[in-house]
$ cat protein17.cif   # mmCIF, C-alpha atoms
data_data
loop_
_atom_site.label_atom_id
_atom_site.label_comp_id
_atom_site.auth_asym_id
_atom_site.auth_seq_id
_atom_site.Cartn_x
_atom_site.Cartn_y
_atom_site.Cartn_z
CA MET A 14 100.05 97.12 103.93
CA ILE A 15 99.36 100.79 104.61
CA ALA A 16 97.18 101.79 107.54
CA LEU A 17 95.47 105.12 108.02
CA ALA A 18 95.03 106.52 111.50
CA PRO A 19 91.73 108.35 112.07
CA ALA A 20 92.13 112.11 112.33
CA PRO A 21 89.58 114.94 112.69
CA MET A 22 90.28 116.44 109.29
CA GLY A 23 88.26 116.53 106.11
CA ASN A 24 88.72 117.39 102.44
CA LEU A 25 91.75 115.14 102.09
CA SER A 26 93.06 113.71 98.85
CA ILE A 27 95.88 111.28 98.10
CA PRO A 28 98.05 111.80 94.99
CA SER A 29 99.50 109.27 92.61
CA GLY A 30 102.76 109.10 94.54
CA MET A 31 101.02 106.35 96.53
CA ALA A 32 100.10 103.20 94.62
CA PHE A 33 97.03 101.45 95.96
CA THR A 34 96.61 97.75 95.32
CA ASP A 35 94.64 96.97 98.47
CA GLU A 36 90.89 97.22 97.90
CA ALA A 37 90.29 97.28 101.65
CA LEU A 38 92.54 100.34 101.92
CA LEU A 39 90.67 102.11 99.15
CA GLU A 40 87.43 101.39 100.96
CA GLN A 41 88.91 102.78 104.17
CA CYS A 42 89.85 105.97 102.33
CA LYS A 43 86.26 106.34 101.16
CA LYS A 44 84.92 105.89 104.70
CA LEU A 45 87.26 108.60 105.97
CA GLY A 46 86.22 110.96 103.19
CA ILE A 47 89.61 110.81 101.49
CA GLU A 48 89.63 111.17 97.72
CA THR A 49 92.26 109.39 95.63
CA THR A 50 93.62 110.70 92.36
CA HIS A 51 96.25 109.93 89.74
CA ASP A 52 96.64 113.63 88.90
CA ASN A 53 99.14 115.42 91.13
CA THR A 54 98.27 118.77 89.58
CA LEU A 55 94.73 118.31 90.87
CA VAL A 56 96.02 117.95 94.42
CA ALA A 57 97.63 121.39 94.28
CA ARG A 58 94.61 123.00 92.65
CA GLU A 59 92.06 121.74 95.18
CA ASN A 60 93.97 121.60 98.51
CA ASP A 61 95.70 124.29 100.57
CA VAL A 62 97.73 121.88 102.73
CA ILE A 63 99.71 119.24 100.84
CA VAL A 64 101.50 116.36 102.57
CA LEU A 65 104.38 115.11 100.45
CA ALA A 66 104.72 111.48 101.55
CA VAL A 67 106.92 109.94 98.86
CA LYS A 68 110.31 108.24 98.69
CA PRO A 69 113.28 110.66 98.50
CA MET A 70 114.09 109.64 94.91
CA HIS A 71 110.60 110.76 93.82
CA ILE A 72 110.69 114.21 95.45
CA SER A 73 111.91 116.09 92.39
CA LYS A 74 109.35 114.51 90.03
CA VAL A 75 106.32 114.89 92.30
CA THR A 76 107.25 118.42 93.37
CA SER A 77 107.72 119.50 89.75
CA GLU A 78 104.19 118.26 89.00
CA ILE A 79 102.59 120.39 91.71
CA ALA A 80 104.88 123.43 91.34
CA PRO A 81 102.96 125.10 88.46
CA ASN A 82 99.83 125.27 90.64
CA PHE A 83 101.61 126.08 93.92
CA ARG A 84 100.50 129.44 95.34
CA ARG A 85 101.25 131.61 98.38
CA GLU A 86 98.29 130.16 100.29
CA HIS A 87 99.66 126.61 99.95
CA LEU A 88 101.51 124.87 102.78
CA LEU A 89 103.62 121.86 101.80
CA ILE A 90 104.46 119.30 104.52
CA SER A 91 107.23 116.88 103.53
CA ILE A 92 107.95 113.63 105.36
CA ALA A 93 110.53 112.47 102.80
CA LEU A 94 113.59 110.97 104.49
CA GLY A 95 116.61 113.27 104.62
CA ILE A 96 115.33 115.83 102.10
CA THR A 97 116.11 119.35 103.32
CA LEU A 98 113.74 122.28 103.41
CA ARG A 99 116.04 124.31 101.19
CA TYR A 100 116.10 121.62 98.51
CA ILE A 101 112.30 121.47 98.33
CA GLU A 102 111.99 125.27 98.45
CA GLN A 103 114.25 125.50 95.39
CA LEU A 104 111.88 123.21 93.45
CA LEU A 105 108.88 125.45 94.18
CA PRO A 106 108.06 129.09 93.41
CA SER A 107 109.85 131.74 95.48
CA LYS A 108 108.64 132.21 99.09
CA SER A 109 106.80 128.87 99.13
CA ARG A 110 105.83 127.69 102.61
CA VAL A 111 107.42 124.32 103.36
CA VAL A 112 107.58 122.20 106.53
CA ARG A 113 109.71 119.11 107.05
CA VAL A 114 108.39 116.42 109.42
CA MET A 115 109.80 113.17 110.78
CA PRO A 116 106.90 111.07 112.16
CA ASN A 117 106.98 107.40 113.12
CA THR A 118 104.75 104.37 112.65
CA PRO A 119 103.05 104.28 116.09
CA ALA A 120 101.00 107.21 114.76
CA VAL A 121 98.77 104.45 113.40
CA VAL A 122 97.62 103.71 116.97
CA GLY A 123 97.67 107.32 118.19
CA ALA A 124 101.05 106.99 119.91
CA GLY A 125 103.32 108.59 117.34
CA ALA A 126 106.26 110.92 117.91
CA SER A 127 106.60 113.61 115.24
CA ALA A 128 109.24 116.33 115.04
CA TYR A 129 109.01 119.14 112.51
CA ALA A 130 111.02 122.11 111.25
CA MET A 131 109.59 125.22 109.61
CA GLY A 132 110.85 126.59 106.30
CA SER A 133 112.13 130.12 105.75
CA ALA A 134 108.87 131.45 104.25
CA CYS A 135 106.46 129.91 106.76
CA GLN A 136 103.97 132.17 108.48
CA ASP A 137 103.07 132.38 112.16
CA GLY A 138 99.97 130.20 111.85
CA ASP A 139 101.71 127.41 109.93
CA SER A 140 103.25 125.84 113.02
CA GLN A 141 99.79 125.57 114.57
CA VAL A 142 98.49 123.80 111.46
CA VAL A 143 101.24 121.20 111.73
CA GLN A 144 100.65 120.82 115.47
CA ASP A 145 96.92 120.32 114.93
CA LEU A 146 97.58 117.69 112.27
CA PHE A 147 100.24 115.57 113.95
CA SER A 148 99.07 115.93 117.56
CA THR A 149 95.94 113.99 116.58
CA VAL A 150 98.12 110.89 116.28
CA GLY A 151 100.51 111.37 119.20
CA PHE A 152 103.22 113.75 120.37
CA SER A 153 104.53 116.56 118.16
CA VAL A 154 107.34 119.06 118.69
CA GLU A 155 108.98 121.85 116.68
CA VAL A 156 112.78 121.61 116.39
CA PRO A 157 115.60 123.22 114.39
CA GLU A 158 116.04 121.38 111.08
CA ILE A 159 119.57 120.31 112.00
CA HIS A 160 118.01 117.98 114.60
CA LEU A 161 115.83 116.05 112.13
CA ASP A 162 118.44 113.54 110.96
CA PRO A 163 119.32 112.53 114.55
CA ILE A 164 115.60 112.38 115.34
CA THR A 165 115.19 110.06 112.38
CA GLY A 166 117.77 107.74 113.91
CA LEU A 167 116.16 107.95 117.35
CA SER A 168 112.37 108.12 117.16
CA GLY A 169 111.91 107.57 113.43
CA SER A 170 113.67 104.21 113.60
CA GLY A 171 113.03 103.72 117.32
CA PRO A 172 109.87 101.59 116.99
CA SER A 173 111.86 99.01 115.03
CA TYR A 174 114.44 98.88 117.83
CA GLY A 175 111.56 98.37 120.26
CA PHE A 176 110.09 95.54 118.20
CA SER A 177 113.51 93.87 118.15
CA MET A 178 113.66 94.15 121.94
CA ILE A 179 110.20 92.63 122.28
CA GLU A 180 111.20 89.76 120.02
CA GLY A 181 114.45 89.18 121.92
CA LEU A 182 112.76 89.22 125.33
CA ALA A 183 110.09 86.85 124.06
CA ASP A 184 112.77 84.48 122.75
CA GLY A 185 114.23 84.49 126.25
CA GLY A 186 110.85 83.56 127.68
CA VAL A 187 110.46 80.74 125.18
CA LYS A 188 113.95 79.45 126.01
CA MET A 189 112.91 79.29 129.65
CA GLY A 190 109.76 77.32 128.83
CA LEU A 191 107.04 79.95 128.32
CA PRO A 192 104.56 79.74 125.39
CA ARG A 193 105.45 82.07 122.49
CA GLU A 194 102.20 84.04 122.55
CA LEU A 195 102.41 84.65 126.28
CA SER A 196 106.09 85.63 126.03
CA LEU A 197 105.36 88.20 123.33
CA LYS A 198 102.50 89.73 125.33
CA LEU A 199 104.54 89.95 128.53
CA ALA A 200 107.54 91.43 126.70
CA ALA A 201 105.42 94.06 124.95
CA MET A 202 103.57 95.02 128.13
CA SER A 203 106.85 95.29 130.03
CA LEU A 204 108.24 97.84 127.56
CA TYR A 205 104.90 99.65 127.36
CA GLY A 206 104.67 99.81 131.14
CA ALA A 207 108.25 101.05 131.49
CA ALA A 208 107.64 103.83 128.96
CA LYS A 209 104.37 104.81 130.62
CA MET A 210 106.00 104.94 134.08
CA PHE A 211 108.77 107.18 132.78
CA LEU A 212 106.40 109.55 131.00
CA GLU A 213 103.92 109.83 133.85
CA THR A 214 106.32 110.03 136.80
CA GLY A 215 108.96 112.24 135.22
CA GLU A 216 111.64 110.27 137.06
CA HIS A 217 114.99 109.64 135.38
CA PRO A 218 115.18 106.15 133.82
CA ALA A 219 118.12 105.30 136.07
CA VAL A 220 116.02 106.00 139.17
CA LEU A 221 113.18 103.81 137.92
CA LYS A 222 115.60 101.06 136.93
CA GLU A 223 117.24 101.01 140.35
CA ALA A 224 113.84 100.82 142.04
CA VAL A 225 113.34 97.39 140.46
CA GLN A 226 116.75 96.06 141.47
CA SER A 227 117.10 94.34 144.85
CA PRO A 228 120.58 93.61 146.24
CA GLY A 229 121.56 90.20 144.92
CA GLY A 230 118.19 89.86 143.18
CA SER A 231 117.34 88.46 139.76
CA THR A 232 117.00 91.84 138.01
CA ILE A 233 120.55 93.02 138.69
CA PHE A 234 121.85 89.70 137.36
CA GLY A 235 119.88 90.27 134.15
CA ILE A 236 121.10 93.87 133.88
CA HIS A 237 124.67 92.66 134.32
CA GLU A 238 124.28 90.40 131.28
CA LEU A 239 122.92 93.29 129.22
CA GLU A 240 125.87 95.46 130.22
CA LYS A 241 128.35 92.69 129.38
CA GLY A 242 126.75 92.46 125.95
CA GLY A 243 127.16 96.20 125.38
CA MET A 244 123.45 96.97 125.07
CA ARG A 245 123.87 100.73 125.62
CA GLY A 246 126.66 100.98 123.08
CA LEU A 247 124.67 99.01 120.52
CA LEU A 248 121.68 101.33 120.92
CA ILE A 249 123.91 104.39 120.56
CA ASN A 250 125.48 102.87 117.45
CA ALA A 251 122.05 102.13 115.99
CA VAL A 252 120.89 105.73 116.42
CA GLU A 253 124.15 107.03 114.96
CA ALA A 254 124.01 104.71 111.93
CA ALA A 255 120.37 105.48 111.15
CA SER A 256 120.99 109.23 111.54
CA GLU A 257 123.92 109.11 109.15
CA ARG A 258 121.87 107.09 106.67
CA SER A 259 119.16 109.75 106.74
CA ARG A 260 121.73 112.47 106.05
CA ARG A 261 123.29 110.53 103.18
CA THR A 262 119.87 109.78 101.67
CA GLY A 263 119.19 113.51 101.58
CA GLU A 264 122.57 114.17 99.99
CA ALA A 265 121.88 111.59 97.28
CA ALA A 266 118.90 113.68 96.14
CA LEU A 267 121.01 116.84 95.78
CA PRO A 268 122.44 117.97 92.44
CA PRO A 269 125.85 116.44 91.62
CA GLY A 270 128.73 118.08 93.49
CA ARG A 271 126.64 119.40 96.38
CA THR A 272 126.52 118.07 99.94
CA ALA A 273 124.44 118.63 103.04
CA ASP A 274 127.23 120.91 104.32
CA ASP A 275 126.76 123.09 101.23
CA GLU A 276 123.05 123.29 101.98
CA GLU A 277 123.75 124.37 105.56
CA SER A 278 126.22 127.01 104.38
CA SER A 279 123.60 128.37 101.99
CA GLU A 280 121.07 128.50 104.80
CA ASP A 281 123.53 130.38 107.05
CA SER A 282 123.81 133.12 104.44
CA SER A 283 120.03 133.56 104.08
CA SER A 284 117.83 136.08 105.89
CA SER A 285 118.07 136.75 109.62
CA ASP A 286 114.41 135.77 109.97
CA GLU A 287 115.25 132.27 108.79
CA ASP A 288 118.20 132.10 111.20
CA GLU A 289 115.97 133.05 114.10
CA ARG A 290 113.42 130.40 113.14
CA ASN A 291 116.05 127.69 112.72
CA ASP A 292 117.49 128.46 116.14
CA GLY A 293 114.07 127.63 117.57
CA PRO A 294 112.78 128.44 121.02
CA GLU A 295 114.76 127.30 124.04
CA VAL A 296 111.87 125.04 125.02
CA PRO A 297 110.03 124.03 121.79
CA LYS A 298 106.26 124.04 121.75
CA HIS A 299 104.77 120.57 121.83
CA ARG A 300 101.55 118.72 122.37
CA LYS A 301 100.31 115.36 123.47
CA GLY A 302 97.74 113.68 121.28
CA PRO A 303 94.54 112.25 122.73
CA ASN A 304 95.93 108.72 122.86
CA TYR A 305 99.47 109.60 123.94
#

$ encode --input "protein17.cif" --output "structure tokens"
Amino acid sequence: MIALAPAPMGNLSIPSGMAFTDEALLEQCKKLGIETTHDNTLVARENDVIVLAVKPMHISKVTSEIAPNFRREHLLISIALGITLRYIEQLLPSKSRVVRVMPNTPAVVGAGASAYAMGSACQDGDSQVVQDLFSTVGFSVEVPEIHLDPITGLSGSGPSYGFSMIEGLADGGVKMGLPRELSLKLAAMSLYGAAKMFLETGEHPAVLKEAVQSPGGSTIFGIHELEKGGMRGLLINAVEAASERSRRTGEAALPPGRTADDEESSEDSSSSDEDERNDGPEVPKHRKGPNY
């Protein structure tokens, strides 16, 4: 099932890269003023900002369909896993404005985390457009493109890690005699509360963790078991594995014989303006959405 988060934007259309079989979803699109179409060329003709939300293996096909109608005033925002800015730029007319974004699923409830990188031909106002769009559903931040694969492994996949933690904690509650529904609620609220405390206090997680631990108390015994099980190492491994998968997925979409390293080398030899943009500001601009 696909869910659409409400956002203060109009004149939206959804191309044929998304197959709708849910009548309720189609009705939701109508209520939000979102048109649906099976003609990708129509999307480029009637919209200035295009969000390319398709699987990596479909990037070439969908982009080739919109390319003939792609003009200088268009801004293309891609959320395709692992697909580089340079690869998409090469599929479009010269100097096309392209942005690559890695969002995550909590955007559905206004608590998303989205990181984005600007393409070489983007204009000054394009970053603000992306900020305005993605900050409506959570936190958004501009980063150098080289950070997007690690971000995929961290925040892109992070919600799934969190759901696994909720499930595991709830199983522990059930083992100790608690009802399943209550265990799930308590586990979810514990992680939510921990995240909220960290974000609002600004304290380091270690400081907050130690504040809960009493000498010889129950919490330190539980933490000891987590450390014996290698929880930190497992989380690090998960982020590393998902990051590498993102990079390899992007490479799989490249022409035969080319790798992500080749793409980076090509980018290094491009204009100094692009280099300056990819370096990014020391402290990237970011926003909190209304429900963050």

$ closest_residue --input "protein17.cif" --among "A:Ser203, A:Gln103, A:Thr50, A:Ser153" --to "Ser140 in chain A" --atoms "only C-alpha atoms"
A:Ser153

$ atom_distance --input "protein17.cif" --atom1 "CA of Leu105 in chain A" --atom2 "CA of Ser77 in chain A"
7.5 Å

$ closest_residue --input "protein17.cif" --among "A:Pro116, A:Gly229, A:Gly206, A:Gly185" --to "Gly171 in chain A" --atoms "all atoms listed in the file"
A:Pro116

$ residues_around --input "protein17.cif" --residues "range 252-263 of chain A" --least-positions-apart "3" --cutoff "7 Å" --atoms "only C-alpha atoms" --output "list in words"
Leu94, Gly95, Ile96, Thr97, Asp162, Pro163, Thr165, Gly166, Leu167, Leu248, Ile249, Ala266 and Leu267 of chain A

$ write_last_selection --input "protein17.cif" --atoms "C-alpha atoms" --output "short mmCIF file (atom, residue, chain, number, x, y, z; two decimals), in the frame of the given file"
data_model
loop_
_atom_site.label_atom_id
_atom_site.label_comp_id
_atom_site.auth_asym_id
_atom_site.auth_seq_id
_atom_site.Cartn_x
_atom_site.Cartn_y
_atom_site.Cartn_z
CA LEU A 94 113.59 110.97 104.49
CA GLY A 95 116.61 113.27 104.62
CA ILE A 96 115.33 115.83 102.10
CA THR A 97 116.11 119.35 103.32
CA ASP A 162 118.44 113.54 110.96
CA PRO A 163 119.32 112.53 114.55
CA THR A 165 115.19 110.06 112.38
CA GLY A 166 117.77 107.74 113.91
CA LEU A 167 116.16 107.95 117.35
CA LEU A 248 121.68 101.33 120.92
CA ILE A 249 123.91 104.39 120.56
CA ALA A 266 118.90 113.68 96.14
CA LEU A 267 121.01 116.84 95.78
#

$ closest_residue --input "protein17.cif" --among "A:Gln136, A:Ala265, A:Gly215, A:Val220" --to "His71 in chain A" --atoms "all atoms listed in the file"
A:Ala265

$ residues_around --input "protein17.cif" --residues "Ala128 in chain A" --least-positions-apart "5" --cutoff "7 Å" --atoms "all atoms listed in the file" --output "tab-separated table (two decimals) with C-alpha atoms, in the coordinates of the input"
chain	number	residue	atom	x	y	z
A	114	VAL	CA	108.39	116.42	109.42
A	115	MET	CA	109.80	113.17	110.78
A	116	PRO	CA	106.90	111.07	112.16
A	153	SER	CA	104.53	116.56	118.16
A	154	VAL	CA	107.34	119.06	118.69
A	155	GLU	CA	108.98	121.85	116.68
A	156	VAL	CA	112.78	121.61	116.39

$ atom_distance --input "protein17.cif" --atom1 "CA of Gly175 in chain A" --atom2 "CA of Ala201 in chain A"
8.8 Å

$ resolve_selection --input "protein17.cif" --expression "the PyMOL selection byres ((chain A and resi 86) around 10)" --output "MDAnalysis selection string"
chainID A and resid 60:62 83:85 87:89 109:110

$ atom_distance --input "protein17.cif" --atom1 "CA of Arg245 in chain A" --atom2 "CA of Ser231 in chain A"
19.8 Å

$ residues_around --input "protein17.cif" --residues "Val111 in chain A" --least-positions-apart "3" --cutoff "9 Å" --atoms "all atoms listed in the file" --output "list in words"
His87, Leu88, Leu89, Ile90, Ser91, Leu98, Arg99, Ile101, Glu102, Ala130, Met131, Gly132, Ser133, Ala134 and Cys135 of chain A

$ residues_around --input "protein17.cif" --residues "Phe211 in chain A" --least-positions-apart "6" --cutoff "12 Å" --atoms "all atoms listed in the file" --output "list in words"
Leu204, Tyr205, His217, Pro218, Ala219, Val220, Leu221 and Lys222 of chain A

$ write_last_selection --input "protein17.cif" --atoms "C-alpha atoms" --output "compact mmCIF listing (two decimals), in the frame of the given file"
# COMPACT_ATOMS: atom_id res chain seq x y z
CA LEU A 204 108.24 97.84 127.56
CA TYR A 205 104.90 99.65 127.36
CA HIS A 217 114.99 109.64 135.38
CA PRO A 218 115.18 106.15 133.82
CA ALA A 219 118.12 105.30 136.07
CA VAL A 220 116.02 106.00 139.17
CA LEU A 221 113.18 103.81 137.92
CA LYS A 222 115.60 101.06 136.93

$ closest_residue --input "protein17.cif" --among "A:Ile164, A:Val64, A:Val75, A:Ala124" --to "Leu146 in chain A" --atoms "only C-alpha atoms"
A:Val64

$ closest_residue --input "protein17.cif" --among "A:Leu239, A:Ile92, A:Leu199, A:Val142" --to "Ala66 in chain A" --atoms "all atoms listed in the file"
A:Ile92

$ closest_residue --input "protein17.cif" --among "A:Met70, A:Ala200, A:Ile236, A:Cys42" --to "Glu264 in chain A" --atoms "only C-alpha atoms"
A:Met70
